[in-house]
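A.B. asks: Structure incoming, see below.
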Amino acid sequence: MKFGDVKTVSHQVIINKKSMSWIKESNRPKHLLYAIPAGALLTILFVAGLAAGMEFKDKQWGGKWDWLDIAATLIGGTIGQAIQILILILIL
C-alpha cells in the first residue's frame, strides 16, 4: 500500500481518534478548560502546582491519583501560557 492511499489515511485517523479519547473521559475537559485562564494570567508552573493540588485533594477524598488529569490540566495551562506570550508579544 502506497503512502497516501485511502486505507492508510483512514487508518491514521482511527489511530488519532483513539489516542485522544482519554481527554473526553471523566472530568478532564474541565481540567483543560479551567487551566487555560490560570496559564494565561500566571504561569505553567502555577498550573502544575494547581494540578498536583487537585489530584492530592482527589486522593484525600478517597479517589485515586490520576496522571491523565494532570496531563489534561497541563495541556490547558500550556494553551493559556501561549495566549499570555502572544499578548505580551503584541503589547511589547
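Ordered as shown in the C-alpha cells, chains take letters A, B, and onward, while each chain numbers its residues from 1 and ligands are numbered from 1 in the order shown.
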Counting only C-alpha atoms, what is within 6 Å of Gln84 of chain A, bar same-chain residues fewer than 3 positions away, as a PyMOL selection string?

C.D. replies: chain A and resi 40+81+87

A.B. asks: How would the residues just picked look written out with C-alpha atoms as a tab-separated table (two decimals), in the first residue's frame?

C.D. replies:
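Output below, filename part.tsv:
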chain	number	residue	atom	x	y	z
A	40	ALA	CA	-2.85	32.96	30.76
A	81	GLN	CA	0.71	30.26	28.60
A	87	ILE	CA	-0.47	39.01	24.24

A.B. asks: List the spatial neighbours of Pro29 of chain A as a ChimeraX atom specification - criterion: any atom at most 10 Å away, only C-alpha atoms, same-chain residues fewer than 5 positions off excluded.

C.D. replies: /A:22-24,34-35,69,72-73,76

A.B. asks: One number please: atom CA of Gly53 of chain A to atom CA of His31 of chain A, in Å, one decimal.

C.D. replies: 12.2 Å

A.B. asks: Taking the chain letters and numbering used in this document, name the residues of segment 31-74 of chain A that DSSP puts in helix (DSSP H, G or I), as number ranges by chain.

C.D. replies: A: 31-41, 44-60, 67-74

A.B. asks: Could you please take those selected residues and save C-alpha atoms as a CSV table (one decimal), in the first residue's frame?

C.D. replies:
chain,number,residue,atom,x,y,z
A,31,HIS,CA,-9.3,20.3,33.9
A,32,LEU,CA,-8.3,21.5,30.5
A,33,LEU,CA,-10.7,24.5,30.3
A,34,TYR,CA,-10.1,25.7,33.9
A,35,ALA,CA,-6.3,25.6,33.4
A,36,ILE,CA,-6.4,28.0,30.4
A,37,PRO,CA,-7.1,31.2,32.4
A,38,ALA,CA,-4.6,30.1,35.1
A,39,GLY,CA,-1.9,29.7,32.5
A,40,ALA,CA,-2.9,33.0,30.8
A,41,LEU,CA,-2.9,35.0,34.0
A,44,ILE,CA,2.7,27.0,33.6
A,45,LEU,CA,4.5,26.4,37.0
A,46,PHE,CA,1.4,27.7,38.8
A,47,VAL,CA,-0.8,25.3,36.7
A,48,ALA,CA,1.5,22.4,37.6
A,49,GLY,CA,1.0,23.2,41.3
A,50,LEU,CA,-2.7,23.6,40.8
A,51,ALA,CA,-2.9,20.2,39.0
A,52,ALA,CA,-0.9,18.4,41.8
A,53,GLY,CA,-3.1,20.1,44.4
A,54,MET,CA,-6.3,19.0,42.7
A,55,GLU,CA,-5.0,15.4,42.5
A,56,PHE,CA,-3.9,15.5,46.1
A,57,LYS,CA,-7.5,16.6,47.0
A,58,ASP,CA,-9.0,13.7,45.0
A,59,LYS,CA,-6.6,11.3,46.7
A,60,GLN,CA,-7.5,12.6,50.2
A,67,TRP,CA,-1.8,11.2,35.8
A,68,LEU,CA,-4.1,11.8,32.9
A,69,ASP,CA,-6.0,14.5,34.8
A,70,ILE,CA,-2.6,16.2,35.4
A,71,ALA,CA,-1.8,15.9,31.7
A,72,ALA,CA,-5.1,17.5,30.8
A,73,THR,CA,-4.5,20.3,33.2
A,74,LEU,CA,-1.0,20.9,31.9

A.B. asks: Suppose you want the space between atom CA of Thr78 of chain A and atom CA of Thr43 of chain A; what is it in Å?

C.D. replies: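 Here the two named atoms are 8.7 Å from each other.
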